[in-house]
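In what follows, a structure is listed as structure tokens, so that the remarks can point back to it.
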Amino acid sequence: MSAQELIQLMKQVEEKGIGWDTVEEQIKVSHQVLNLYTNSGPVPVTITSKLKKLLEDPPE
């Protein structure tokens, strides 16, 4: 997946108001690593899949 797609997913996380602590706990990847991928790409499919799943079913 491209870095641009990751950036869009990260924006959706922020729009839904999901905290980055929660995201890190759910996908097992730190916010700093996600930021590195936005600048370098390509992004592993496992990360984007977990982010998409989190967005579809956000924790309460």
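Starting from 1 in every chain, residues are counted up; chains themselves are A, B, ... following the order of the structure tokens, and ligands are numbered from 1 as listed.
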
Next item on the list: With a distance cut-off of 10 Å and only C-alpha atoms, select the neighbouring residues of segment 39-55 of chain A, excluding the residue or stretch itself and same-chain residues fewer than 5 positions from it, and output the selection as number ranges by chain.
Entry: A: 1-7, 9-10, 12-13, 16, 18, 22-24, 26-29, 34

Practice prompt. Any chance you could list, as JSON, numbers by chain, the residues in chain A that come up alpha helix (DSSP H) when DSSP is run on the backbone?
Written response: {"A": [3, 4, 5, 6, 7, 8, 9, 10, 11, 12, 13, 14, 15, 16, 20, 21, 22, 23, 24, 25, 26, 27, 31, 32, 33, 34, 35, 36, 37, 38, 39, 40, 45, 46, 47, 48, 49, 50, 51, 52, 53, 54, 55, 56]}

Saved selection, atoms kept: C-alpha atoms, as a tab-separated table (two decimals), in the first residue's frame:
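What ended up in again.tsv:
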chain	number	residue	atom	x	y	z
A	3	ALA	CA	2.07	6.09	1.93
A	4	GLN	CA	-0.78	8.29	0.64
A	5	GLU	CA	-3.34	5.62	1.52
A	6	LEU	CA	-1.87	5.36	5.01
A	7	ILE	CA	-2.13	9.12	5.43
A	8	GLN	CA	-5.83	8.94	4.52
A	9	LEU	CA	-6.42	6.15	7.05
A	10	MET	CA	-4.62	8.15	9.74
A	11	LYS	CA	-6.81	11.17	8.98
A	12	GLN	CA	-9.90	9.00	9.35
A	13	VAL	CA	-8.64	7.81	12.74
A	14	GLU	CA	-8.29	11.42	13.87
A	15	GLU	CA	-11.71	12.38	12.46
A	16	LYS	CA	-13.37	9.55	14.40
A	20	TRP	CA	-3.39	7.12	19.23
A	21	ASP	CA	-2.81	5.17	22.44
A	22	THR	CA	-5.81	3.02	21.52
A	23	VAL	CA	-4.62	2.65	17.93
A	24	GLU	CA	-1.16	1.59	19.05
A	25	GLU	CA	-2.64	-0.97	21.44
A	26	GLN	CA	-4.99	-2.40	18.81
A	27	ILE	CA	-2.61	-2.62	15.83
A	31	HIS	CA	2.40	6.25	16.03
A	32	GLN	CA	6.04	7.16	15.34
A	33	VAL	CA	6.46	4.13	13.07
A	34	LEU	CA	3.25	5.02	11.23
A	35	ASN	CA	4.61	8.53	10.69
A	36	LEU	CA	7.83	7.06	9.28
A	37	TYR	CA	5.82	5.00	6.79
A	38	THR	CA	3.94	8.12	5.67
A	39	ASN	CA	7.27	9.61	4.62
A	40	SER	CA	8.88	6.54	3.13
A	45	VAL	CA	-0.50	-4.68	4.22
A	46	THR	CA	-0.87	-6.00	7.77
A	47	ILE	CA	-0.72	-2.47	9.17
A	48	THR	CA	-3.29	-1.05	6.79
A	49	SER	CA	-5.58	-4.04	7.27
A	50	LYS	CA	-5.53	-3.57	11.04
A	51	LEU	CA	-6.18	0.17	10.69
A	52	LYS	CA	-9.13	-0.47	8.37
A	53	LYS	CA	-10.57	-3.02	10.78
A	54	LEU	CA	-10.17	-0.56	13.66
A	55	LEU	CA	-11.99	2.11	11.67
A	56	GLU	CA	-14.84	-0.25	10.82
